[in-house]
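To keep things clear, I will list the structure first and then write my remarks on it.
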Amino acid sequence: MPKANKLTLAVLINAALITSTYASEQSEAKGLVEDAKGDILFRTGYLNRDKKNGVKDTSSYAQTAMVKLETGFTQGLVGFGAGVIGDGSFKLGSNNNSGNGMIPKHPDGSAYDHWARGGGFVKARISNTTVTYGTQVLDIPVLASNTTRLVPEYFEGVLATSREIDGLELTAGKFTKDQYSDQINTDGRRLDRAVVWGAKYKFDDNLSASYFGLDSKDKLDRHYVNANYRQPLNQGSALTYDLSAYHTKWDEKGSTYSSTTDDLSNRKNTIWALSTTYNTGPHSVMLAYQQNNGNTGYDYGENADGAQSIYLPNSYLSDFIGNSEKSAQLQYNVDFGSYGVPGLSWTTAYVYGWDIKVKNLTDNAKEREFFNQVKYTVQSGFAKDASLRLRHSYYRASDEYQTNAYIGDTNEWRIWLDIPVKLF
């Protein structure tokens with residue numbers, strides 16, 4: 001029996017046999033219509049990459065409406081439901097969109113003027129275990145949909161999530177299609193089969209841990225672990241410690257970014273990070289250290305990954321995941337609600353990376369990024385929850401780590417105006 005089927009079966013048996021320590025979600029089902037939900041997110045998105053060193057600039061400006069319509073569950077021991085998810089978009093002005101993941105292109109390389117994507121899904125629930133089959137947006141550390149572009153990345157497959165024991169959440173799934181944000185083809189990234197599994201457990205209000213695994217056929221095997229502990233201090237302040245790590249082993253047929261070995265059967269790495277965050281009132285300061293051990297950098301090829309499955313702290317425009325790279329970050333965040341402007345926040349960070357190996361060039365390439373983001377969310381009135389987000393990255397790298405190895409020197413702006421509308 002395939003691994004995904006075994007895992008899904010195990011989750012379902014767990015739902016049927018284990019006595020829940022808290023209320024059953026299915027026992028509270030009100031019906032298909034009574035629990036139905038419908039939302040539209042209108043987004044105006046602008047992304048500009050001001051490239052340096054003779055590389056062509058890229059920019060895109062577009063409008064979209066992202067829709068999700070979902071029924072509730074039928075009543076009874078096993079509940080059933082269905083839904084649709086999708087987006088309709090059109091470009092605004094001219095677009096030099098190559099390489100920024102914003103707008104789909106025709107075979108001749110020209111940008112689409114307007115386009116639509118999406119799909120349906122069905123779902124079933126018993127007790128506190130839900131199985132969903134169809135088009136989905138994933139938030140799993142080893143297989144996450146990229147949501148940092150105009151529209152999200154879609155995966156197609158089956159996902160089971162079980163919360164039968166208080167504090168414990170189990171996950172298992174299998175996906176056979178991957179559609180990136182700027183693709184019309186529902187399997188634009190040519191995914192063969194990706195099996196995921198994992199668990200996360202909340203020990204108490206201050207301590208949690210998780211593990212997730214991925215088997216992408218003929219591509220790679222990846223494992224992720226995380227531990228997070230919050231230490232309360234005086235007067236509402238706290239220190240939060242977070243440890244996260246990925247271990248990846250590539251198959252011989254899998255593509256690899258920035259490898260320093262010619263042995264295709266022995267490409268692997270372990271990327272780990274440790275961060276400490278101090279919170280007091282509206283302020284927080286984070287220090288983070290991240291390191292890649294192995295003989296290759298993180299992978300950006302077609303390995304069941306839309307470049308967002310990097311749940312590590314040193315991740316902005318650059319993810320600081322070069323071959324053998326070490327990086328350190330200082331981040332500051334402030335919530336201006338305490339200063340009379342609720343809904344306004346600012347994040348600034350500086351990340352420096354060193355000791356990057358670039359094959360046949362150097363063992364000591366460097367990169368650095370200065371990141372700033374301001375976000376305002378309307379707190380009340382007819383425009384409640386509408387938000388405007390301005391993000392800027394100043395990125396520079398040593399000559400050996402320029403475009404042929406990574407993204408190259410760039411000044412980037414991202415501007416998102418989001419207007420959510422609740423239909424029902």
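Just remember, in the structure tokens the first chain shown is A, the second B, etc., residues are 1-based per chain, and ligands are 1-based in the order shown.
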All residues 10 Å or closer to Leu243 (chain A), only C-alpha atoms, same chain fewer than 2 positions away omitted, as a list in words:
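So, after excluding close chain neighbours, the residues are Ala209, Val225, Asn226, Ala227, Asn228, Tyr229, Tyr241, Ala245, Trp272, Ala273, Leu274, Ser275, Thr276, Ala288, Tyr289, Gln290, Leu312 and Pro313 of chain A.
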Extract, using only C-alpha atoms, all DNA, RNA and protein residues at most 9 Å from Ser216 (chain A), discarding same-chain residues fewer than 5 positions from it, and format them as a PDB file with all heavy atoms, in the first residue's frame.
```pdb
ATOM      1  N   LEU A 191       4.613  18.181 -11.279  1.00  0.00           N
ATOM      2  CA  LEU A 191       4.747  17.345 -10.092  1.00  0.00           C
ATOM      3  C   LEU A 191       4.295  15.924 -10.406  1.00  0.00           C
ATOM      4  O   LEU A 191       3.224  15.714 -10.969  1.00  0.00           O
ATOM      5  CB  LEU A 191       3.907  17.924  -8.955  1.00  0.00           C
ATOM      6  CG  LEU A 191       3.847  17.120  -7.665  1.00  0.00           C
ATOM      7  CD1 LEU A 191       5.232  17.018  -7.028  1.00  0.00           C
ATOM      8  CD2 LEU A 191       2.871  17.774  -6.692  1.00  0.00           C
ATOM      9  N   ASP A 192       5.102  14.940 -10.056  1.00  0.00           N
ATOM     10  CA  ASP A 192       4.707  13.544 -10.233  1.00  0.00           C
ATOM     11  C   ASP A 192       3.873  13.085  -9.042  1.00  0.00           C
ATOM     12  O   ASP A 192       2.707  12.715  -9.157  1.00  0.00           O
ATOM     13  CB  ASP A 192       5.955  12.667 -10.401  1.00  0.00           C
ATOM     14  CG  ASP A 192       5.602  11.233 -10.782  1.00  0.00           C
ATOM     15  OD1 ASP A 192       4.635  10.687 -10.208  1.00  0.00           O
ATOM     16  OD2 ASP A 192       6.282  10.647 -11.635  1.00  0.00           O
ATOM     17  N   ARG A 193       4.479  13.111  -7.855  1.00  0.00           N
ATOM     18  CA  ARG A 193       3.796  12.687  -6.638  1.00  0.00           C
ATOM     19  C   ARG A 193       4.557  13.204  -5.430  1.00  0.00           C
ATOM     20  O   ARG A 193       5.768  13.034  -5.321  1.00  0.00           O
ATOM     21  CB  ARG A 193       3.738  11.165  -6.568  1.00  0.00           C
ATOM     22  CG  ARG A 193       3.033  10.613  -5.327  1.00  0.00           C
ATOM     23  CD  ARG A 193       3.736   9.362  -4.825  1.00  0.00           C
ATOM     24  NE  ARG A 193       5.090   9.652  -4.354  1.00  0.00           N
ATOM     25  CZ  ARG A 193       6.079   8.758  -4.283  1.00  0.00           C
ATOM     26  NH1 ARG A 193       5.879   7.543  -4.723  1.00  0.00           N
ATOM     27  NH2 ARG A 193       7.277   9.100  -3.811  1.00  0.00           N
ATOM     28  N   ALA A 194       3.840  13.885  -4.557  1.00  0.00           N
ATOM     29  CA  ALA A 194       4.438  14.364  -3.310  1.00  0.00           C
ATOM     30  C   ALA A 194       3.625  13.846  -2.144  1.00  0.00           C
ATOM     31  O   ALA A 194       2.430  14.134  -2.034  1.00  0.00           O
ATOM     32  CB  ALA A 194       4.494  15.882  -3.284  1.00  0.00           C
ATOM     33  N   VAL A 195       4.249  13.063  -1.279  1.00  0.00           N
ATOM     34  CA  VAL A 195       3.595  12.527  -0.084  1.00  0.00           C
ATOM     35  C   VAL A 195       4.105  13.313   1.127  1.00  0.00           C
ATOM     36  O   VAL A 195       5.318  13.491   1.288  1.00  0.00           O
ATOM     37  CB  VAL A 195       3.912  11.023   0.088  1.00  0.00           C
ATOM     38  CG1 VAL A 195       3.283  10.492   1.372  1.00  0.00           C
ATOM     39  CG2 VAL A 195       3.411  10.242  -1.118  1.00  0.00           C
ATOM     40  N   VAL A 196       3.169  13.786   1.950  1.00  0.00           N
ATOM     41  CA  VAL A 196       3.539  14.550   3.143  1.00  0.00           C
ATOM     42  C   VAL A 196       2.933  13.899   4.381  1.00  0.00           C
ATOM     43  O   VAL A 196       1.893  13.246   4.307  1.00  0.00           O
ATOM     44  CB  VAL A 196       3.077  16.020   3.042  1.00  0.00           C
ATOM     45  CG1 VAL A 196       3.767  16.734   1.909  1.00  0.00           C
ATOM     46  CG2 VAL A 196       1.563  16.107   2.884  1.00  0.00           C
ATOM     47  N   ASP A 221      13.779  13.788  -0.713  1.00  0.00           N
ATOM     48  CA  ASP A 221      13.144  13.506   0.572  1.00  0.00           C
ATOM     49  C   ASP A 221      13.535  14.635   1.514  1.00  0.00           C
ATOM     50  O   ASP A 221      14.726  14.999   1.602  1.00  0.00           O
ATOM     51  CB  ASP A 221      13.615  12.173   1.148  1.00  0.00           C
ATOM     52  CG  ASP A 221      13.130  10.993   0.329  1.00  0.00           C
ATOM     53  OD1 ASP A 221      11.913  10.774   0.266  1.00  0.00           O
ATOM     54  OD2 ASP A 221      13.992  10.289  -0.249  1.00  0.00           O
ATOM     55  N   ARG A 222      12.548  15.179   2.223  1.00  0.00           N
ATOM     56  CA  ARG A 222      12.825  16.328   3.096  1.00  0.00           C
ATOM     57  C   ARG A 222      12.140  16.127   4.436  1.00  0.00           C
ATOM     58  O   ARG A 222      11.020  15.629   4.514  1.00  0.00           O
ATOM     59  CB  ARG A 222      12.352  17.612   2.427  1.00  0.00           C
ATOM     60  CG  ARG A 222      12.507  18.872   3.292  1.00  0.00           C
ATOM     61  CD  ARG A 222      12.322  20.124   2.457  1.00  0.00           C
ATOM     62  NE  ARG A 222      13.458  20.301   1.561  1.00  0.00           N
ATOM     63  CZ  ARG A 222      13.387  20.924   0.393  1.00  0.00           C
ATOM     64  NH1 ARG A 222      12.245  21.402  -0.042  1.00  0.00           N
ATOM     65  NH2 ARG A 222      14.474  21.070  -0.351  1.00  0.00           N
ATOM     66  N   ASN A 303      10.729  20.754  -7.549  1.00  0.00           N
ATOM     67  CA  ASN A 303      10.763  19.686  -6.553  1.00  0.00           C
ATOM     68  C   ASN A 303       9.627  19.832  -5.560  1.00  0.00           C
ATOM     69  O   ASN A 303       9.817  19.821  -4.347  1.00  0.00           O
ATOM     70  CB  ASN A 303      12.110  19.697  -5.818  1.00  0.00           C
ATOM     71  CG  ASN A 303      13.233  19.171  -6.677  1.00  0.00           C
ATOM     72  OD1 ASN A 303      13.027  18.261  -7.470  1.00  0.00           O
ATOM     73  ND2 ASN A 303      14.405  19.743  -6.539  1.00  0.00           N
ATOM     74  N   ALA A 304       8.397  20.004  -6.089  1.00  0.00           N
ATOM     75  CA  ALA A 304       7.224  20.159  -5.233  1.00  0.00           C
ATOM     76  C   ALA A 304       7.414  21.309  -4.258  1.00  0.00           C
ATOM     77  O   ALA A 304       7.172  21.192  -3.069  1.00  0.00           O
ATOM     78  CB  ALA A 304       6.921  18.861  -4.472  1.00  0.00           C
TER      79      ALA A 304
END
```
Any idea what's packed within 7 Å of region 23-29 of chain A, counting only C-alpha atoms, ignoring anything in its chain fewer than 3 positions away? Could you give it as a PyMOL selection string?
chain A and resi 73-75+79+125-128
Next, the residues of the selection above should be written as a short mmCIF file (atom, residue, chain, number, x, y, z; two decimals), in the first residue's frame with N, CA and C atoms.
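As written to disk, selection_28.cif reads:
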```cif
data_model
loop_
_atom_site.label_atom_id
_atom_site.label_comp_id
_atom_site.auth_asym_id
_atom_site.auth_seq_id
_atom_site.Cartn_x
_atom_site.Cartn_y
_atom_site.Cartn_z
N PHE A 73 -20.60 21.18 6.78
CA PHE A 73 -20.67 19.72 6.74
C PHE A 73 -22.10 19.27 7.02
N THR A 74 -22.51 18.20 6.35
CA THR A 74 -23.79 17.60 6.69
C THR A 74 -23.73 17.05 8.11
N GLN A 75 -24.89 16.89 8.72
CA GLN A 75 -24.95 16.36 10.08
C GLN A 75 -24.88 14.84 10.06
N GLY A 79 -19.68 13.74 8.24
CA GLY A 79 -20.18 14.91 7.52
C GLY A 79 -19.48 15.08 6.19
N ARG A 125 -15.73 14.66 7.16
CA ARG A 125 -15.27 14.81 8.54
C ARG A 125 -15.94 13.79 9.45
N ILE A 126 -15.13 13.16 10.27
CA ILE A 126 -15.62 12.30 11.33
C ILE A 126 -14.94 12.72 12.61
N SER A 127 -15.73 12.99 13.63
CA SER A 127 -15.20 13.48 14.90
C SER A 127 -14.38 14.75 14.65
N ASN A 128 -13.09 14.74 14.95
CA ASN A 128 -12.23 15.89 14.74
C ASN A 128 -11.21 15.65 13.63
#
```
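Taking only C-alpha atoms into account, Asp409 (chain A) lies nearest to A:Ser318 out of the set A:Ser318, A:Gln183, A:Ser324, A:Thr147.
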Could you give me, as a ChimeraX atom specification, the residues within 6 Å of region 154-169 of chain A, counting only C-alpha atoms and dropping anything in the same chain fewer than 5 positions from it?
/A:20-21,128-137,174-179,199-202
Residues near Val84 (chain A), cut-off 7 Å, only C-alpha atoms, skip fewer than 5 positions along chain, as a ChimeraX atom specification
/A:68-70,119-121
